[in-house]
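Printed here is structure.txt (compact mmCIF, C-alpha atoms and all ligand atoms):
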```
# COMPACT_ATOMS: atom_id res chain seq x y z
CA MET G 4 -3.82 -13.89 8.92
CA SER G 5 -2.13 -11.77 11.63
CA ASP G 6 1.57 -12.26 12.40
CA ASP G 7 0.64 -13.91 15.72
CA ASP G 8 -1.80 -16.33 13.98
CA LEU G 9 0.89 -17.12 11.43
CA ARG G 10 3.45 -17.87 14.15
CA GLN G 11 1.02 -20.22 15.85
CA ALA G 12 0.15 -22.01 12.61
CA GLN G 13 3.76 -22.61 11.64
CA GLY G 14 4.88 -24.17 14.97
CA PRO G 15 7.96 -23.25 17.02
CA THR G 16 9.71 -19.97 16.29
CA LEU G 17 13.31 -20.51 15.31
CA ARG G 18 15.98 -18.26 16.75
CA LEU G 19 18.74 -16.99 14.43
CA GLY G 20 21.69 -14.69 15.00
CA ILE G 21 22.07 -11.66 12.71
CA SER G 22 24.48 -8.76 12.24
CA SER G 23 22.70 -5.89 14.03
CA CYS G 24 23.06 -3.36 11.21
CA LEU G 25 20.94 -5.60 8.91
CA LEU G 26 17.97 -4.99 11.19
CA GLY G 27 18.35 -1.23 10.76
CA LYS G 28 20.28 -0.56 13.96
CA GLN G 29 22.55 2.44 13.52
CA VAL G 30 25.74 0.77 14.65
CA ARG G 31 28.00 1.06 11.61
CA TYR G 32 31.33 2.89 11.76
CA ASP G 33 29.76 5.88 9.98
CA GLY G 34 26.64 5.95 12.20
CA GLY G 35 24.47 4.34 9.54
CA HIS G 36 22.77 0.98 9.13
CA LYS G 37 22.29 -1.60 6.39
CA LEU G 38 18.61 -2.42 6.83
CA ASP G 39 17.62 -5.47 4.80
CA HIS G 40 13.85 -5.43 4.27
CA PHE G 41 13.53 -9.13 3.50
CA LEU G 42 15.24 -10.07 6.76
CA ALA G 43 13.80 -7.33 8.97
CA ASP G 44 10.23 -7.14 7.64
CA THR G 45 9.36 -10.42 5.88
CA LEU G 46 11.33 -13.01 7.82
CA ILE G 47 10.51 -11.51 11.20
CA LYS G 48 7.17 -13.36 10.89
CA PHE G 49 9.00 -16.69 10.90
CA VAL G 50 12.10 -16.27 13.07
CA GLU G 51 13.26 -14.53 16.20
CA TRP G 52 16.40 -12.53 15.46
CA VAL G 53 19.25 -12.24 17.98
CA PRO G 54 21.18 -9.14 16.86
CA VAL G 55 24.95 -9.04 17.37
CA CYS G 56 27.31 -6.18 16.50
CA PRO G 57 30.85 -7.30 17.37
CA GLU G 58 32.44 -3.84 17.09
CA VAL G 59 29.90 -2.03 19.29
CA GLU G 60 29.47 -4.88 21.75
CA MET G 61 33.21 -5.04 22.38
CA GLY G 62 33.04 -1.38 23.42
CA LEU G 63 33.73 0.77 20.33
CA SER G 64 31.74 3.94 19.76
CA VAL G 65 29.43 5.01 16.94
CA PRO G 66 30.82 6.59 14.80
CA ARG G 67 34.34 5.10 14.85
CA GLU G 68 37.22 4.65 12.49
CA SER G 69 36.83 1.92 9.89
CA MET G 70 38.79 -1.33 10.04
CA ARG G 71 40.24 -3.90 7.70
CA LEU G 72 41.75 -7.35 7.79
CA VAL G 73 45.52 -7.49 7.37
CA GLY G 74 47.95 -10.40 7.15
CA ALA G 75 47.54 -14.10 6.39
CA PRO G 76 44.03 -14.91 5.03
CA GLU G 77 43.73 -17.94 7.33
CA ASP G 78 44.50 -15.90 10.47
CA PRO G 79 44.24 -12.17 9.70
CA HIS G 80 44.37 -9.24 12.13
CA LEU G 81 41.65 -6.64 12.59
CA ILE G 82 43.35 -3.29 12.18
CA ALA G 83 41.87 0.23 12.53
CA LEU G 84 42.59 2.14 9.36
CA LYS G 85 43.84 5.49 10.71
CA SER G 86 45.29 4.71 14.15
CA GLY G 87 46.68 1.31 13.20
CA ILE G 88 45.35 -0.19 16.47
CA ASP G 89 45.12 -3.99 16.37
CA PHE G 90 41.69 -5.04 17.73
CA THR G 91 42.08 -8.77 17.03
CA ASP G 92 42.67 -9.98 20.60
CA ARG G 93 40.02 -7.67 22.02
CA MET G 94 37.41 -8.98 19.60
CA LYS G 95 38.35 -12.61 20.20
CA THR G 96 38.13 -12.16 23.98
CA TRP G 97 34.70 -10.52 23.64
CA ALA G 98 33.58 -13.23 21.19
CA HIS G 99 34.53 -15.98 23.64
CA GLU G 100 32.08 -14.59 26.24
CA ARG G 101 29.37 -13.69 23.73
CA LEU G 102 29.44 -17.16 22.18
CA ALA G 103 28.99 -18.72 25.63
CA GLN G 104 25.78 -16.62 25.98
CA LEU G 105 24.63 -17.56 22.46
CA ALA G 106 25.16 -21.26 23.21
CA GLY G 107 22.30 -20.99 25.71
CA LEU G 108 19.93 -19.55 23.07
CA ASP G 109 19.86 -22.62 20.79
CA LEU G 110 20.44 -20.65 17.60
CA CYS G 111 19.45 -22.46 14.39
CA GLY G 112 21.42 -20.24 12.01
CA PHE G 113 23.25 -16.94 11.58
CA VAL G 114 23.00 -14.25 8.87
CA PHE G 115 26.08 -12.03 8.54
CA LYS G 116 26.71 -8.67 6.90
CA LYS G 117 28.83 -9.22 3.80
CA ASP G 118 32.25 -7.60 3.23
CA SER G 119 32.74 -6.54 6.87
CA PRO G 120 36.16 -7.35 8.43
CA SER G 121 34.36 -8.11 11.69
CA SER G 122 31.16 -9.80 10.41
CA GLY G 123 31.67 -10.86 6.77
CA LEU G 124 31.56 -14.58 6.09
CA PHE G 125 32.83 -15.06 2.52
CA ARG G 126 35.40 -13.34 0.34
CA VAL G 127 36.19 -10.51 2.76
CA LYS G 128 39.13 -8.37 1.61
CA VAL G 129 42.40 -9.19 3.34
CA TYR G 130 45.27 -6.74 2.82
CA SER G 131 48.92 -7.69 2.61
CA GLU G 132 51.48 -5.61 4.45
CA HIS G 133 52.13 -3.84 1.14
CA GLY G 134 48.47 -2.77 0.88
CA MET G 135 47.40 -5.29 -1.79
CA ALA G 136 43.87 -6.67 -1.24
CA ALA G 137 42.61 -10.17 -2.01
CA ARG G 138 39.03 -11.36 -1.44
CA THR G 139 40.05 -14.45 0.47
CA GLY G 140 39.09 -13.76 4.09
CA THR G 141 36.45 -14.38 6.73
CA GLY G 142 35.63 -11.77 9.39
CA ILE G 143 36.95 -12.29 12.92
CA PHE G 144 33.53 -12.99 14.52
CA PRO G 145 32.13 -15.50 11.95
CA ARG G 146 35.42 -17.38 12.22
CA GLU G 147 34.85 -17.74 15.97
CA VAL G 148 31.18 -18.70 15.39
CA MET G 149 32.27 -21.50 13.03
CA ARG G 150 34.76 -22.74 15.61
CA ALA G 151 32.13 -22.78 18.40
CA PHE G 152 29.17 -24.13 16.35
CA PRO G 153 30.64 -26.11 13.44
CA LEU G 154 27.26 -27.43 12.18
CA LEU G 155 25.31 -24.17 12.45
CA PRO G 156 23.93 -22.97 9.05
CA LEU G 157 25.56 -19.63 8.17
CA GLU G 158 24.87 -17.18 5.33
CA GLU G 159 25.33 -13.58 4.22
CA GLU G 160 22.49 -11.19 3.44
CA GLY G 161 23.66 -10.55 -0.14
CA ARG G 162 23.67 -14.24 -1.06
CA LEU G 163 20.13 -14.61 0.30
CA ASN G 164 18.91 -12.64 -2.73
CA ASP G 165 19.84 -15.67 -4.80
CA MET G 166 16.72 -17.88 -4.61
CA PRO G 167 18.40 -21.32 -4.69
CA LEU G 168 20.84 -20.17 -1.97
CA ARG G 169 17.96 -18.71 0.06
CA GLU G 170 15.95 -21.92 -0.22
CA ASN G 171 18.99 -24.00 0.70
CA PHE G 172 19.83 -21.85 3.74
CA PHE G 173 16.34 -22.05 5.24
CA GLU G 174 16.03 -25.74 4.48
CA ARG G 175 19.27 -26.22 6.46
CA VAL G 176 18.04 -23.97 9.28
CA PHE G 177 14.89 -26.06 9.76
CA ALA G 178 16.85 -29.32 9.32
CA TYR G 179 19.33 -28.22 11.99
CA TYR G 180 16.41 -27.46 14.33
CA ARG G 181 14.96 -30.97 13.79
CA TRP G 182 18.38 -32.57 14.31
CA ARG G 183 18.85 -30.72 17.60
CA GLU G 184 15.29 -31.68 18.66
CA MET G 185 16.00 -35.34 17.94
CA LEU G 186 19.18 -35.17 20.06
CA ARG G 187 17.19 -33.49 22.84
CA THR G 188 14.08 -35.69 22.86
CA ASP G 189 15.06 -39.10 21.41
CA PRO G 190 18.84 -39.62 21.45
CA THR G 191 18.73 -43.36 20.78
CA PRO G 192 19.63 -45.68 17.89
CA GLY G 193 15.88 -46.04 17.23
CA GLY G 194 15.48 -42.26 17.15
CA LEU G 195 18.33 -41.99 14.66
CA VAL G 196 16.79 -44.64 12.39
CA ARG G 197 13.45 -42.75 12.42
CA PHE G 198 15.23 -39.45 11.73
CA HIS G 199 17.19 -40.95 8.84
CA THR G 200 14.08 -42.58 7.35
CA ALA G 201 12.14 -39.30 7.45
CA HIS G 202 14.97 -37.48 5.65
CA LYS G 203 15.56 -40.08 2.94
CA LEU G 204 14.07 -38.05 0.06
CA THR G 205 15.49 -34.77 1.37
CA LEU G 206 18.99 -36.25 1.29
CA MET G 207 18.37 -37.83 -2.12
CA ALA G 208 17.52 -34.38 -3.47
CA HIS G 209 20.82 -32.99 -2.18
CA SER G 210 23.38 -35.76 -2.16
CA PRO G 211 22.59 -39.45 -2.81
CA LYS G 212 26.25 -40.12 -1.92
CA HIS G 213 25.74 -38.73 1.60
CA TYR G 214 22.47 -40.64 1.92
CA THR G 215 24.23 -43.94 1.16
CA GLU G 216 27.13 -43.22 3.52
CA MET G 217 24.74 -42.19 6.31
CA GLY G 218 22.67 -45.34 5.72
CA ARG G 219 25.78 -47.46 6.36
CA LEU G 220 26.39 -45.47 9.52
CA VAL G 221 22.82 -45.89 10.77
CA ALA G 222 23.12 -49.66 10.20
CA LYS G 223 25.82 -49.64 12.89
CA ALA G 224 23.49 -47.95 15.42
CA GLY G 225 23.56 -49.91 18.65
CA THR G 226 27.05 -51.31 18.03
CA VAL G 227 29.01 -48.04 17.94
CA ARG G 228 29.31 -45.52 20.81
CA TRP G 229 26.36 -43.08 20.60
CA ALA G 230 28.52 -39.96 20.99
CA GLU G 231 30.70 -40.96 18.05
CA LEU G 232 27.77 -42.16 15.91
CA SER G 233 25.62 -39.06 16.43
CA ALA G 234 28.55 -36.66 15.91
CA THR G 235 29.50 -38.29 12.60
CA TYR G 236 25.87 -38.50 11.45
CA GLY G 237 25.21 -34.84 12.34
CA ARG G 238 28.29 -33.70 10.44
CA LEU G 239 27.37 -35.73 7.32
CA PHE G 240 23.73 -34.59 7.54
CA MET G 241 24.53 -30.88 7.52
CA GLU G 242 27.35 -31.35 4.98
CA GLY G 243 25.01 -33.21 2.59
CA LEU G 244 22.24 -30.62 2.88
CA ALA G 245 24.72 -27.81 2.15
CA LEU G 246 25.09 -29.22 -1.39
CA LEU G 247 22.46 -27.54 -3.55
CA GLY G 248 19.59 -29.72 -4.73
CA THR G 249 19.62 -29.82 -8.56
CA ARG G 250 16.62 -30.16 -10.91
CA ARG G 251 17.88 -33.57 -11.98
CA LYS G 252 17.97 -34.82 -8.37
CA HIS G 253 14.55 -33.32 -7.58
CA VAL G 254 13.11 -34.97 -10.71
CA ASN G 255 14.46 -38.33 -9.48
CA VAL G 256 12.75 -37.79 -6.12
CA LEU G 257 9.46 -36.73 -7.74
CA GLN G 258 9.49 -39.75 -10.04
CA HIS G 259 10.25 -41.98 -7.07
CA LEU G 260 7.12 -40.62 -5.36
CA VAL G 261 5.04 -41.08 -8.53
CA GLY G 262 6.02 -44.76 -8.28
CA TYR G 263 3.82 -45.07 -5.18
CA LEU G 264 0.79 -43.93 -7.21
CA LYS G 265 1.23 -46.30 -10.12
CA ARG G 266 -1.79 -48.50 -9.48
CA ASP G 267 -4.12 -45.76 -8.19
CA LEU G 268 -3.67 -43.02 -10.75
CA ALA G 269 -5.86 -42.77 -13.87
CA SER G 270 -3.83 -42.65 -17.08
CA GLU G 271 -4.68 -38.99 -17.87
CA ASP G 272 -3.84 -37.91 -14.30
CA LYS G 273 -0.51 -39.68 -14.55
CA GLN G 274 0.26 -38.01 -17.90
CA GLU G 275 -0.60 -34.62 -16.42
CA LEU G 276 1.70 -35.22 -13.42
CA LEU G 277 4.59 -36.54 -15.49
CA GLY G 278 4.11 -33.59 -17.87
CA LEU G 279 4.51 -31.11 -15.01
CA ILE G 280 7.62 -32.91 -13.79
CA GLU G 281 9.05 -32.54 -17.31
CA ASP G 282 8.10 -28.85 -17.29
CA TYR G 283 9.99 -28.51 -14.02
CA ARG G 284 13.01 -30.34 -15.49
CA ASN G 285 12.92 -27.91 -18.43
CA GLU G 286 12.76 -24.86 -16.10
CA LEU G 287 9.23 -23.91 -17.27
CA VAL G 288 7.69 -24.11 -13.78
CA PRO G 289 9.10 -24.02 -10.23
CA LEU G 290 9.31 -27.04 -7.91
CA VAL G 291 6.11 -26.12 -6.08
CA VAL G 292 4.01 -26.85 -9.22
CA PRO G 293 4.59 -30.61 -9.72
CA LEU G 294 4.95 -31.08 -5.97
CA THR G 295 1.53 -29.60 -5.23
CA LEU G 296 -0.21 -31.89 -7.73
CA LEU G 297 1.81 -34.85 -6.47
CA LYS G 298 0.73 -34.18 -2.87
CA HIS G 299 -2.87 -33.85 -4.04
CA HIS G 300 -2.74 -37.39 -5.52
CA LEU G 301 -0.75 -38.83 -2.60
CA ARG G 302 -3.50 -37.64 -0.23
CA ARG G 303 -6.09 -39.60 -2.23
CA SER G 304 -4.12 -42.83 -2.54
CA PRO G 305 -3.32 -45.58 -0.05
CA VAL G 306 0.43 -44.85 0.08
CA PRO G 307 2.62 -46.31 2.85
CA GLU G 308 2.95 -44.27 6.06
CA TRP G 309 6.65 -43.99 5.19
CA VAL G 310 5.79 -41.58 2.39
CA TRP G 311 3.91 -39.18 4.66
CA GLN G 312 6.76 -39.15 7.12
CA GLN G 313 9.04 -37.65 4.46
CA VAL G 314 10.27 -34.21 5.50
CA TYR G 315 10.80 -33.55 1.78
CA LEU G 316 7.05 -32.95 1.42
CA ASN G 317 7.01 -30.20 4.08
CA PRO G 318 10.56 -29.04 4.92
CA TYR G 319 9.56 -25.58 6.26
CA PRO G 320 6.41 -23.42 6.54
CA LYS G 321 4.84 -23.11 3.11
CA GLU G 322 4.24 -19.42 3.81
CA LEU G 323 7.96 -18.87 3.21
CA ARG G 324 7.20 -19.67 -0.47
CA LEU G 325 10.73 -20.83 -1.06
CA ARG G 326 9.80 -23.55 -3.54
CA ASN G 327 7.92 -20.99 -5.66
CA HIS G 328 11.30 -19.72 -6.86
CA VAL G 329 13.50 -22.79 -7.39
S1 LIG G 401 28.91 -5.26 9.91
FE1 LIG G 401 29.05 -6.19 11.94
S2 LIG G 401 30.47 -4.91 13.08
FE2 LIG G 401 29.80 -3.74 11.29
S3 LIG G 401 28.05 -2.56 12.02
FE3 LIG G 401 27.23 -4.44 11.12
S4 LIG G 401 27.05 -5.81 12.87
FE4 LIG G 401 28.41 -4.16 13.52
```
I'd like the structure from this file rewritten - as structure tokens, please.
Amino acid sequence: MSDDDLRQAQGPTLRLGISSCLLGKQVRYDGGHKLDHFLADTLIKFVEWVPVCPEVEMGLSVPRESMRLVGAPEDPHLIALKSGIDFTDRMKTWAHERLAQLAGLDLCGFVFKKDSPSSGLFRVKVYSEHGMAARTGTGIFPREVMRAFPLLPLEEEGRLNDMPLRENFFERVFAYYRWREMLRTDPTPGGLVRFHTAHKLTLMAHSPKHYTEMGRLVAKAGTVRWAELSATYGRLFMEGLALLGTRRKHVNVLQHLVGYLKRDLASEDKQELLGLIEDYRNELVPLVVPLTLLKHHLRRSPVPEWVWQQVYLNPYPKELRLRNHV
């Protein structure tokens, strides 16, 4: 299948921000890049990247002197190493304008370059005035992104090599897209009930606690102001999905689905299916194995429409093969 055919088959292309150097652009302080083949070559078939290099876009040259974060971890300054110039205000002013542009692009996620004082998201080194470093900071630009788009899924390229984290990030990216689409096309109490129903098993696999709390919220639909209701639901939705799905929770969801097949499944087919679910529980096979057989039987049985509406069965294009590794 060509890349164009693949794009058509998988539906809308999602747009994600990315640190420019991860796409191989030579924008780093030393004139180099940090090309990430998975992001630049594999994922390009599924997403449209919007590259952003804060240091170059705010007017610095390539090459340039390197920088570091200095001061309080919760509000550090971006300082050039040799000259001592403080670029914090300049970067924040640039970020303000750039984020206004990005708001018009409907981004569904952002992948940042790890360890960078400008772009790093987690555990970036912050230096005290005495030169002691602690990995407690967030780069200046991601901090502004979080402020502007608090629900946007964010990750670093290094963490995406961890399969459960990779699967979780892209599940959140596609979930965020669907949430935004619901707000755009059907922002009503009825639309929210349908959205919540379709995500029941997805939420159960991540956080049954969030599912219950969101259910109580949805029950108030129509009696609470829409703006307040949708904002709280959206926050809980993305917060719940950010909790990693565990094998135990996935097993619960799979067994719940098997319950719909009880009367229609021959005894040996049921044993085979339950055996694969046990194999998954015991880390002998990935999630895709019992799920594929389960979907095979669901297709042949008169299950309620509710089951087929479950996003859990198809959370993102199967070509991403994310459930082959968790
Ligand atoms: S880490 Fe960020 S600031 Fe540094 S080169 Fe990459 S995109 Fe530019």
>> Taking all atoms listed in the file into account, name the residue in G:His199, G:Arg18, G:Arg324, G:Lys85 that is nearest to G:Glu51.
In response: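 Going through G:His199, G:Arg18, G:Arg324, G:Lys85 one by one, the smallest distance to G:Glu51 is for G:Arg18.
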>> Could you list, as a list in words, all residues that come within 8 Å of ligand LIG 401 (chain G)? Count all atoms listed in the file.
In response: Ile21, Ser22, Ser23, Cys24, Leu25, Gln29, Val30, Arg31, Tyr32, His36, Lys37, Pro54, Val55, Cys56, Pro57, Glu58, Val59, Phe115, Lys116, Lys117, Asp118, Ser119, Pro120, Ser121, Ser122 and Gly123 of chain G
> Near G:Pro211, counting all atoms listed in the file, which residues have an atom at most 10 Å away, once you skip same-chain residues fewer than 6 positions from it, shown as a list in words?
Replying inline: Lys203, Leu204, Thr205, Met217, Gly243 and Lys252 of chain G
> Mind pulling up the distance from atom CA of G:Val65 to atom CA of G:Gly34?
Replying inline: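 Straight-line distance from atom CA of G:Gly34 to atom CA of G:Val65 works out to 5.6 Å.
From atom CA of G:Phe198 back to atom CA of G:Ala224, the distance works out to 12.4 Å.
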>> Around the point (-1.7, -39.3, -4.6) (coordinates from the file), which residues reach within 9 Å if we count all atoms listed in the file? Answer as a PyMOL selection string.
In response: chain G and resi 260-261+263-264+267-268+296-306
>> Just want the 12 Å neighbourhood of G:Glu132, counted on all atoms listed in the file, with same-chain residues fewer than 4 positions away dropped. Output as a PyMOL selection string.
In response: chain G and resi 71-76+79-80+82+136-137
Excluding G:Asn171 and any residue of its chain fewer than 3 positions from it, enumerate the residues within 8 Å of it, using all atoms listed in the file, and give them as a CSV table (one decimal) with C-alpha atoms, in the coordinates of the input.
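Full text of result_25.csv as output:
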```csv
chain,number,residue,atom,x,y,z
G,167,PRO,CA,18.4,-21.3,-4.7
G,168,LEU,CA,20.8,-20.2,-2.0
G,174,GLU,CA,16.0,-25.7,4.5
G,175,ARG,CA,19.3,-26.2,6.5
G,244,LEU,CA,22.2,-30.6,2.9
G,245,ALA,CA,24.7,-27.8,2.2
G,247,LEU,CA,22.5,-27.5,-3.6
G,248,GLY,CA,19.6,-29.7,-4.7
```
>> Given all atoms listed in the file as the basis, pick out the residue of G:Asn285, G:Asn255, G:Asn327, G:Thr200 nearest to G:Val314.
In response: G:Thr200
Could you write out as AutoDock Vina command-line options the box around stretch 136-153 of chain G (axis-aligned, all atoms listed in the file, 3 Å on each side), with centre and edge lengths in Å to one decimal?
```
--center_x 36.5 --center_y -16.4 --center_z 8.2 --size_x 20.7 --size_y 25.4 --size_z 26.4
```
> Need the neighbours of (36.0, -11.0, 21.7): which residues are at most 12 Å away, counting all atoms listed in the file, as a ChimeraX atom specification?
Replying inline: /G:56-62,81,90-103,121,143-148
> So which residues touch G:His202 within 9 Å, counting only C-alpha atoms, skipping near sequence neighbours fewer than 6 positions away, as a list in words?
Replying inline: Tyr214, Gln312, Gln313, Val314 and Tyr315 of chain G
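Interatomic distance, atom CA of G:Trp52 to atom CA of G:Leu19: 5.1 Å.
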> Which of these residues is nearest to G:Lys321, using all atoms listed in the file: G:Glu242, G:Trp309, G:Pro192, G:Val291?
Replying inline: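 Selected residue with least distance to G:Lys321: G:Val291.
The shortest atom-to-atom distance to G:Met185, with all atoms listed in the file taken into account, belongs to G:Ser233 out of G:Ser233, G:Leu26, G:Glu159, G:Pro153.
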>> I'd like the contact shell of G:Asp109 - 12 Å cut-off, all atoms listed in the file, skipping same-chain residues fewer than 5 positions apart - returned as a list in words.
In response: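 Listed by chain and then number, they are Thr16, Leu17, Arg18, Leu19, Gly20, Glu51, Trp52, Val53, Leu102, Ala103, Gln104, Phe152, Leu155, Val176, Tyr179, Tyr180, Arg181, Trp182, Arg183, Glu184 and Arg187 of chain G.
Using only C-alpha atoms, the nearest neighbour of G:Ile88 within the list G:Ala230, G:Ala201, G:Met70, G:Leu105 is G:Met70.
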> From the set G:Val256, G:Phe177, G:Val129, G:Gly262, which residue has the shortest atom-to-atom contact distance to G:Pro307, counting only C-alpha atoms?
Replying inline: G:Gly262
